[in-house]
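Colleague: The file below is work-v2.txt, compact mmCIF, C-alpha atoms:
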```
# COMPACT_ATOMS: atom_id res chain seq x y z
CA MET A 1 146.96 115.07 48.03
CA ALA A 2 148.64 118.32 46.93
CA ALA A 3 150.64 116.44 44.30
CA ALA A 4 147.44 115.84 42.33
CA GLN A 5 147.52 119.42 41.10
CA THR A 6 147.65 119.86 37.32
CA PRO A 7 148.87 122.87 35.35
CA ARG A 8 145.24 123.99 35.03
CA THR A 9 144.72 124.20 38.81
CA ARG A 10 148.09 125.34 40.06
CA PRO A 11 148.23 128.73 41.82
CA ALA A 12 148.99 131.85 39.85
CA ALA A 13 151.63 133.25 42.19
CA SER A 14 154.56 131.71 44.01
CA ASN A 15 153.74 130.02 47.30
CA THR A 16 156.49 130.73 49.81
CA ALA A 17 156.70 128.09 52.53
CA THR A 18 158.98 127.51 55.49
CA TRP A 19 160.90 124.30 56.02
CA ARG A 20 158.66 123.56 59.00
CA ASP A 21 155.33 123.81 57.18
CA VAL A 22 156.04 122.91 53.53
CA SER A 23 153.65 120.34 52.07
CA PRO A 24 153.95 118.08 49.00
CA ALA A 25 152.98 119.50 45.62
CA ALA A 26 153.60 118.51 42.04
CA VAL A 27 156.80 120.61 42.15
CA VAL A 28 158.59 121.92 45.25
CA LEU A 29 161.77 124.01 45.21
CA VAL A 30 163.97 123.81 48.31
CA GLY A 31 166.51 126.59 47.89
CA GLY A 32 169.21 128.27 49.96
CA PRO A 33 172.67 127.38 51.31
CA GLU A 34 171.69 125.97 54.73
CA ASP A 35 171.94 122.24 54.06
CA TYR A 36 170.54 121.21 57.43
CA LEU A 37 167.29 123.11 56.90
CA GLY A 38 167.16 121.87 53.32
CA SER A 39 167.42 118.28 54.52
CA ARG A 40 164.71 118.88 57.12
CA ALA A 41 162.39 120.30 54.45
CA MET A 42 162.95 117.32 52.17
CA ASP A 43 162.50 114.89 55.07
CA ARG A 44 159.18 116.53 55.91
CA ILE A 45 157.89 116.25 52.34
CA ARG A 46 159.02 112.62 52.07
CA ALA A 47 157.33 111.70 55.36
CA GLN A 48 154.04 113.30 54.29
CA VAL A 49 154.10 111.56 50.92
CA ARG A 50 154.77 108.20 52.56
CA ALA A 51 152.02 108.77 55.11
CA ALA A 52 149.52 109.37 52.31
CA ALA A 53 150.92 106.70 49.97
CA PRO A 54 152.95 104.02 51.82
CA ASP A 55 153.85 102.28 48.54
CA VAL A 56 155.34 105.45 47.03
CA GLU A 57 158.23 104.88 44.63
CA VAL A 58 161.16 107.15 45.58
CA THR A 59 163.80 108.07 43.00
CA ARG A 60 166.86 110.24 43.63
CA LEU A 61 168.67 112.07 40.83
CA THR A 62 171.67 114.40 40.73
CA ALA A 63 171.31 117.39 38.42
CA GLY A 64 175.03 117.62 37.69
CA ASN A 65 175.35 114.21 36.02
CA TYR A 66 171.77 113.98 34.77
CA GLU A 67 171.06 111.86 31.69
CA PRO A 68 168.60 113.27 29.14
CA GLY A 69 165.09 111.81 29.48
CA SER A 70 165.62 110.48 33.03
CA LEU A 71 163.05 112.79 34.59
CA ALA A 72 160.28 111.87 32.13
CA MET A 73 161.08 108.18 32.53
CA ASN A 74 160.95 108.28 36.34
CA VAL A 75 157.72 110.27 36.62
CA SER A 76 155.81 108.21 34.06
CA PRO A 77 152.84 106.31 35.55
CA SER A 78 153.68 102.71 36.47
CA LEU A 79 151.60 99.64 35.75
CA PHE A 80 150.36 99.54 39.35
CA GLY A 81 149.76 103.28 39.64
CA GLU A 82 152.03 103.98 42.62
CA GLN A 83 152.67 107.54 43.73
CA LYS A 84 156.06 108.81 42.49
CA LEU A 85 158.46 110.93 44.55
CA ILE A 86 161.49 112.24 42.66
CA GLU A 87 164.16 114.08 44.64
CA VAL A 88 166.77 115.97 42.62
CA GLU A 89 169.88 117.24 44.40
CA GLY A 90 172.53 119.69 43.26
CA LEU A 91 170.54 122.02 41.03
CA GLU A 92 173.25 124.65 41.55
CA GLY A 93 175.47 122.42 39.39
CA MET A 94 172.83 121.24 36.89
CA ASN A 95 173.87 120.34 33.38
CA ASP A 96 172.14 121.60 30.25
CA ALA A 97 170.20 118.36 29.84
CA PHE A 98 168.52 118.74 33.22
CA LEU A 99 167.75 122.41 32.59
CA ALA A 100 166.02 121.54 29.32
CA ASP A 101 164.08 118.59 30.73
CA GLY A 102 163.14 120.52 33.87
CA LEU A 103 161.69 123.41 31.91
CA ARG A 104 159.80 120.96 29.69
CA TYR A 105 158.41 119.13 32.73
CA LEU A 106 157.11 122.32 34.39
CA ALA A 107 154.84 122.88 31.40
CA ARG A 108 153.00 119.64 32.14
CA PRO A 109 153.78 117.93 35.47
CA GLU A 110 152.52 114.41 36.11
CA PRO A 111 149.46 114.49 38.41
CA ASP A 112 150.60 111.47 40.46
CA ALA A 113 154.18 112.62 41.05
CA VAL A 114 155.93 114.90 43.55
CA LEU A 115 159.14 116.48 42.25
CA VAL A 116 161.37 118.03 44.93
CA LEU A 117 164.29 120.13 43.69
CA ARG A 118 167.23 121.13 45.90
CA HIS A 119 169.22 124.23 44.90
CA SER A 120 171.91 125.41 47.34
CA GLY A 121 172.48 128.83 45.82
CA GLY A 122 174.13 130.64 42.94
CA VAL A 123 172.89 131.72 39.53
CA ARG A 124 173.12 128.41 37.70
CA GLY A 125 169.66 127.35 36.52
CA LYS A 126 168.08 130.76 37.16
CA LYS A 127 165.69 130.28 34.24
CA LEU A 128 164.34 127.11 35.83
CA LEU A 129 164.09 128.68 39.30
CA ASP A 130 162.23 131.68 37.90
CA ALA A 131 159.83 129.36 36.08
CA ILE A 132 159.08 127.48 39.31
CA LYS A 133 158.42 130.71 41.21
CA SER A 134 156.29 132.29 38.49
CA GLY A 135 154.38 129.03 38.13
CA GLY A 136 153.25 129.24 41.74
CA TRP A 137 154.89 126.09 43.08
CA PRO A 138 155.97 126.02 46.75
CA VAL A 139 159.39 127.56 47.36
CA VAL A 140 161.31 127.02 50.61
CA ASP A 141 164.19 129.42 51.32
CA CYS A 142 166.75 127.80 53.63
CA GLN A 143 169.09 130.54 54.80
CA PRO A 144 171.72 130.18 57.56
CA LEU A 145 170.65 131.32 61.03
CA LYS A 146 173.41 133.83 61.76
CA LYS A 147 171.82 135.94 64.50
CA ASP A 148 171.49 134.64 68.03
CA ALA A 149 167.86 135.80 67.99
CA ASP A 150 167.17 133.45 65.06
CA LYS A 151 168.87 130.56 66.84
CA VAL A 152 166.90 131.27 70.02
CA ALA A 153 163.69 131.19 67.97
CA PHE A 154 164.82 127.91 66.36
CA VAL A 155 165.41 126.24 69.75
CA ALA A 156 162.08 127.48 71.11
CA ALA A 157 160.29 126.13 68.02
CA GLU A 158 162.00 122.73 68.33
CA PHE A 159 160.73 122.34 71.90
CA ARG A 160 157.30 123.70 71.01
CA ALA A 161 156.98 121.20 68.17
CA ALA A 162 157.84 118.40 70.61
CA SER A 163 155.33 119.78 73.20
CA ARG A 164 158.14 120.19 75.72
CA ARG A 165 158.96 123.14 77.95
CA ILE A 166 162.33 124.93 78.09
CA ASP A 167 163.08 127.97 80.26
CA PRO A 168 164.14 131.17 78.44
CA ASP A 169 167.48 131.17 80.28
CA ALA A 170 168.04 127.58 79.18
CA VAL A 171 167.38 128.52 75.55
CA HIS A 172 170.00 131.26 75.79
CA ALA A 173 172.47 128.92 77.50
CA LEU A 174 171.98 126.25 74.85
CA VAL A 175 172.57 128.71 72.00
CA ASN A 176 175.70 129.98 73.75
CA ALA A 177 176.98 126.44 74.25
CA VAL A 178 176.32 124.78 70.89
CA GLY A 179 175.03 127.47 68.57
CA ALA A 180 177.96 127.57 66.14
CA GLN A 181 176.54 124.83 63.88
CA LEU A 182 172.81 124.53 63.31
CA ALA A 183 172.88 120.74 62.92
CA GLU A 184 174.68 120.44 66.25
CA LEU A 185 172.20 122.79 67.91
CA ALA A 186 169.30 120.70 66.59
CA ALA A 187 170.95 117.51 67.84
CA ALA A 188 171.34 119.08 71.29
CA CYS A 189 167.64 119.99 71.29
CA SER A 190 166.72 116.41 70.37
CA GLN A 191 168.94 115.04 73.14
CA LEU A 192 167.43 117.29 75.80
CA ILE A 193 163.88 116.62 74.59
CA ALA A 194 164.51 112.89 74.79
CA ASP A 195 166.20 112.95 78.20
CA ALA A 196 164.24 115.55 80.16
CA ALA A 197 161.61 114.04 82.44
CA THR A 198 159.74 117.35 82.61
CA GLY A 199 161.03 120.70 81.37
CA VAL A 200 164.57 121.84 80.60
CA ASP A 201 166.25 124.52 82.71
CA SER A 202 169.65 126.19 82.51
CA ALA A 203 171.11 123.79 85.11
CA MET A 204 170.34 120.85 82.83
CA VAL A 205 171.87 122.60 79.83
CA ASP A 206 174.98 123.37 81.88
CA ARG A 207 175.17 119.75 83.03
CA TYR A 208 175.06 118.50 79.44
CA TYR A 209 177.00 121.19 77.61
CA GLY A 210 178.66 123.44 80.20
CA GLY A 211 182.13 122.18 79.30
CA ARG A 212 181.94 123.54 75.77
CA VAL A 213 184.22 126.45 74.89
CA GLU A 214 181.25 128.64 73.90
CA ALA A 215 179.52 128.00 77.22
CA THR A 216 182.70 128.73 79.19
CA ALA A 217 183.18 131.98 77.26
CA PHE A 218 179.74 133.22 78.28
CA LYS A 219 180.37 132.22 81.91
CA VAL A 220 183.40 134.51 81.84
CA ALA A 221 181.34 137.27 80.22
CA ASP A 222 178.45 136.86 82.68
CA ALA A 223 180.78 137.15 85.66
CA ALA A 224 182.55 140.20 84.23
CA MET A 225 179.26 141.93 83.38
CA ALA A 226 178.06 141.25 86.92
CA GLY A 227 181.12 143.06 88.29
CA ASN A 228 182.57 139.89 89.83
CA ALA A 229 186.21 140.27 88.78
CA PRO A 230 187.61 137.39 90.90
CA LEU A 231 185.11 134.88 89.46
CA ALA A 232 185.52 136.21 85.92
CA LEU A 233 189.32 135.98 86.06
CA SER A 234 189.41 132.55 87.71
CA THR A 235 186.94 131.19 85.13
CA LEU A 236 188.97 132.80 82.36
CA ARG A 237 192.26 131.32 83.57
CA HIS A 238 190.71 127.88 83.91
CA ALA A 239 189.37 128.15 80.37
CA LEU A 240 192.74 129.21 78.99
CA ASP A 241 194.57 126.51 80.97
CA THR A 242 192.31 123.85 79.46
CA GLY A 243 192.97 124.99 75.90
CA ALA A 244 190.28 127.58 75.18
CA ASP A 245 191.08 130.02 72.38
CA PRO A 246 191.07 133.72 73.39
CA VAL A 247 189.06 134.69 70.28
CA PRO A 248 185.66 133.23 71.33
CA LEU A 249 186.25 134.53 74.86
CA VAL A 250 186.52 138.09 73.55
CA ALA A 251 183.59 137.48 71.18
CA ALA A 252 181.39 136.59 74.17
CA LEU A 253 182.35 139.83 75.93
CA ALA A 254 181.62 141.81 72.77
CA SER A 255 178.23 140.13 72.32
CA LYS A 256 177.14 141.03 75.85
CA LEU A 257 178.30 144.62 75.52
CA ARG A 258 176.61 145.05 72.14
CA SER A 259 173.29 144.01 73.66
CA LEU A 260 173.67 146.55 76.46
CA ALA A 261 174.67 149.32 74.06
CA LYS A 262 171.67 148.63 71.80
CA VAL A 263 169.19 148.63 74.67
CA ALA A 264 170.74 151.57 76.56
CA GLY A 265 169.41 154.21 74.18
CA ALA A 266 166.21 152.48 73.12
CA GLN A 267 162.76 153.78 74.02
CA GLY A 268 159.53 151.83 74.44
CA SER A 269 158.38 148.53 75.91
CA SER A 270 160.59 145.45 75.82
CA SER A 271 158.47 143.96 73.02
CA GLN A 272 158.69 147.18 70.98
CA ILE A 273 162.46 147.40 71.50
CA ALA A 274 162.86 143.72 70.67
CA LYS A 275 161.04 144.25 67.36
CA GLN A 276 163.14 147.31 66.53
CA LEU A 277 166.46 145.63 67.35
CA GLY A 278 165.72 142.09 66.17
CA MET A 279 166.21 140.66 69.67
CA GLN A 280 164.13 138.33 71.80
CA PRO A 281 161.95 140.23 74.35
CA TRP A 282 163.39 138.34 77.31
CA LEU A 283 166.94 139.24 76.19
CA VAL A 284 165.89 142.88 76.02
CA GLU A 285 164.46 142.67 79.53
CA GLN A 286 167.69 141.07 80.78
CA ALA A 287 169.79 143.79 79.14
CA GLN A 288 167.53 146.49 80.59
CA ARG A 289 168.12 145.11 84.09
CA GLU A 290 171.88 144.93 83.56
CA VAL A 291 172.34 148.34 81.93
CA ARG A 292 171.05 150.09 85.07
CA ARG A 293 174.33 149.14 86.74
CA TRP A 294 176.41 150.94 84.13
CA THR A 295 177.36 154.56 83.58
CA PRO A 296 177.65 155.72 79.96
CA GLU A 297 181.38 156.27 80.55
CA GLY A 298 181.86 152.75 81.93
CA LEU A 299 180.03 151.19 79.00
CA VAL A 300 182.04 153.18 76.44
CA ARG A 301 185.30 152.30 78.20
CA SER A 302 184.38 148.59 78.24
CA ILE A 303 183.43 148.58 74.55
CA GLN A 304 186.71 150.28 73.66
CA VAL A 305 188.87 147.86 75.64
CA THR A 306 187.02 144.89 74.17
CA ALA A 307 187.54 146.19 70.63
CA GLU A 308 191.26 146.56 71.39
CA ALA A 309 191.37 143.04 72.83
CA ASP A 310 189.62 141.69 69.75
CA ALA A 311 192.32 143.15 67.50
CA GLN A 312 195.08 141.91 69.80
CA VAL A 313 193.88 138.29 70.02
CA LYS A 314 193.57 138.23 66.21
CA GLY A 315 197.24 138.95 65.66
CA LEU A 316 198.14 142.46 66.79
CA SER A 317 199.63 141.36 70.11
CA ARG A 318 202.29 138.89 71.16
CA ASP A 319 200.40 138.29 74.40
CA PRO A 320 196.70 137.65 73.62
CA VAL A 321 196.13 136.18 77.08
CA TYR A 322 197.03 139.48 78.73
CA ALA A 323 194.72 141.30 76.30
CA VAL A 324 191.76 139.18 77.39
CA GLU A 325 192.59 139.44 81.10
CA HIS A 326 192.90 143.23 80.80
CA ALA A 327 189.53 143.49 79.05
CA VAL A 328 187.82 141.31 81.67
CA THR A 329 189.33 143.36 84.50
CA VAL A 330 188.27 146.70 82.99
CA ILE A 331 184.74 145.47 82.33
CA ALA A 332 184.28 143.98 85.79
CA THR A 333 185.58 147.13 87.53
CA SER A 334 183.43 149.42 85.37
CA VAL A 335 180.19 148.02 86.79
CA ARG A 336 178.59 150.17 89.49
CA ARG A 337 178.35 148.52 92.88
```
Would you mind writing the file's structure down as structure tokens?
Modeller:
Amino acid sequence: MAAAQTPRTRPAASNTATWRDVSPAAVVLVGGPEDYLGSRAMDRIRAQVRAAAPDVEVTRLTAGNYEPGSLAMNVSPSLFGEQKLIEVEGLEGMNDAFLADGLRYLARPEPDAVLVLRHSGGVRGKKLLDAIKSGGWPVVDCQPLKKDADKVAFVAAEFRAASRRIDPDAVHALVNAVGAQLAELAAACSQLIADAATGVDSAMVDRYYGGRVEATAFKVADAAMAGNAPLALSTLRHALDTGADPVPLVAALASKLRSLAKVAGAQGSSSQIAKQLGMQPWLVEQAQREVRRWTPEGLVRSIQVTAEADAQVKGLSRDPVYAVEHAVTVIATSVRR
């Protein structure tokens, strides 16, 4: 098992791992502010340790209220020689006692122990973090997935890991519907994977999550971008009547227009453009199809009116509803027939 490494055999350079493929080692650092990914990384390590050593002894410590000597005591070999797994949370708030004991432990880790350290960010404990990285122990960086392209890739990977199929349009629809929180997006993936008899398509995603504000916002945007003003306005009014906030509605319009504007001036194949712009290839292809229906003047006009609506719904107007309706109307009527 990887935890059997000793200081004499550990690698000479840091070993960057992802939360999906990290494996147990004598010391593993799980860093970064995205708690959901951090939890997934720690779950993966714990599961692998238990698979290899079902009688593993698991100990959990908190670095902020750490008592001197606790680490050495918990990693010491037991009478029966069980594998030891020590999980330490909250390194970003570690006290001086943990910093001192952690640095001491890195110099000579126990060969039958796995020490997993969770640091959510900040500069506290930098000396310890640097020692882990320079010592060559696995480091997992758990950063928030802020871009839609990253969330699309996350959903696709969740289904791939479960050996299930999901249509590209369904991936996009799912991100639009529940992509605000990563944990919620992962839960939606799990639900669809569990419930789908075969693959997942956009109709199934709409059936499960179509009532969400984010999903409704993109329905409005899709209709407007297709030049269907009556459908866009009726969907918008229904959304507003049922309590939807104008801000995410305008954000959906802006997101669609940004994609068109990026692709409009790009040269090369869809895969080349996707790499340049940090977008998924199928989203580039969709934007390329849609942008053919727009004149440069119509696209500029739509971007301008959406920017104005964004400012108005965020406090510069007494009538944010009118601001959104005006933007939707201008966009829908700017599309070439």
Colleague: Give one line per residue of stretch 31-72 of chain A that approaches stretch 122-135 of chain A to at most 10 Å, naming the two atoms of the closest pair and their distance in Å to one decimal, counting only C-alpha atoms; sort by chain then ascending residue number and deliver it as a tab-separated table.
Modeller:
```
residue	atom	partner	partner_atom	distance
A:Gly31	CA	A:Leu129	CA	9.2
A:Gly32	CA	A:Gly122	CA	8.9
A:Pro33	CA	A:Gly122	CA	9.1
```
Colleague: For A:Met279, which residue out of A:Asp150, A:Asp167, A:Glu110, A:Glu34 is the nearest one, using only C-alpha atoms?
Modeller: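 So, comparing all the options, the nearest one is A:Asp150.
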Colleague: For the atom pair atom CA of A:Gly210 and atom CA of A:Val178, what is the interatomic distance in Å to one decimal place?
Modeller: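 About the pair atom CA of A:Gly210 and atom CA of A:Val178: they are 9.7 Å apart.
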Colleague: Would you please work out which residue, of A:Asn65, A:Ala239, A:Glu87, A:Val75, is nearest to A:Leu99 when using only C-alpha atoms?
Modeller: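 Nearest to A:Leu99: A:Asn65.
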Colleague: Which value, in Å to one decimal, gives the distance between atom CA of A:Ala221 and atom CA of A:Leu253?
Modeller: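 Taking atom CA of A:Ala221 as the start and atom CA of A:Leu253 as the end point, the length is 5.1 Å.
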Colleague: Pick the closest to A:Tyr66 from A:Gly298, A:Gly102, A:Pro24, A:Gly227: which is it, counting all atoms listed in the file?
Modeller: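 Selected residue with least distance to A:Tyr66: A:Gly102.
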Colleague: Give me, please, the distance in Å between atom CA of A:Asp21 and atom CA of A:Ala170, quoted to one decimal.
Modeller: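 Rounded to one decimal, the two atoms are 25.7 Å apart.
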Colleague: Which residues are close to A:Ala251, i.e. within 12 Å by all atoms listed in the file, leaving aside same-chain residues fewer than 6 positions away? Reply as a CSV table (one decimal) with C-alpha atoms, keeping the file's coordinate frame.
Modeller:
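Contents of part.csv, as written:
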```csv
chain,number,residue,atom,x,y,z
A,176,ASN,CA,175.7,130.0,73.8
A,213,VAL,CA,184.2,126.4,74.9
A,214,GLU,CA,181.2,128.6,73.9
A,215,ALA,CA,179.5,128.0,77.2
A,216,THR,CA,182.7,128.7,79.2
A,217,ALA,CA,183.2,132.0,77.3
A,218,PHE,CA,179.7,133.2,78.3
A,220,VAL,CA,183.4,134.5,81.8
A,221,ALA,CA,181.3,137.3,80.2
A,245,ASP,CA,191.1,130.0,72.4
A,257,LEU,CA,178.3,144.6,75.5
A,258,ARG,CA,176.6,145.0,72.1
A,303,ILE,CA,183.4,148.6,74.6
A,306,THR,CA,187.0,144.9,74.2
A,307,ALA,CA,187.5,146.2,70.6
A,308,GLU,CA,191.3,146.6,71.4
A,309,ALA,CA,191.4,143.0,72.8
A,310,ASP,CA,189.6,141.7,69.8
A,311,ALA,CA,192.3,143.2,67.5
A,313,VAL,CA,193.9,138.3,70.0
A,314,LYS,CA,193.6,138.2,66.2
A,324,VAL,CA,191.8,139.2,77.4
A,327,ALA,CA,189.5,143.5,79.0
A,328,VAL,CA,187.8,141.3,81.7
```
Colleague: For a quick check of understanding, using all atoms listed in the file, which of A:Leu283, A:Leu231, A:Val335, A:Ala173 has the smallest distance to A:Pro296?
Modeller: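 The closest residue to A:Pro296 is A:Val335.
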Colleague: I need the residue nearest A:Glu67 from this list: A:Ala26, A:Val321, A:Met94, A:Leu277. Use all atoms listed in the file for the distance.
Modeller: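 Among the listed residues, A:Met94 lies closest to A:Glu67.
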Colleague: Have a look at A:Gln280, A:Thr295, A:Ser302, A:Ser163 and name the one nearest to A:Ala224; count all atoms listed in the file.
Modeller: A:Ser302
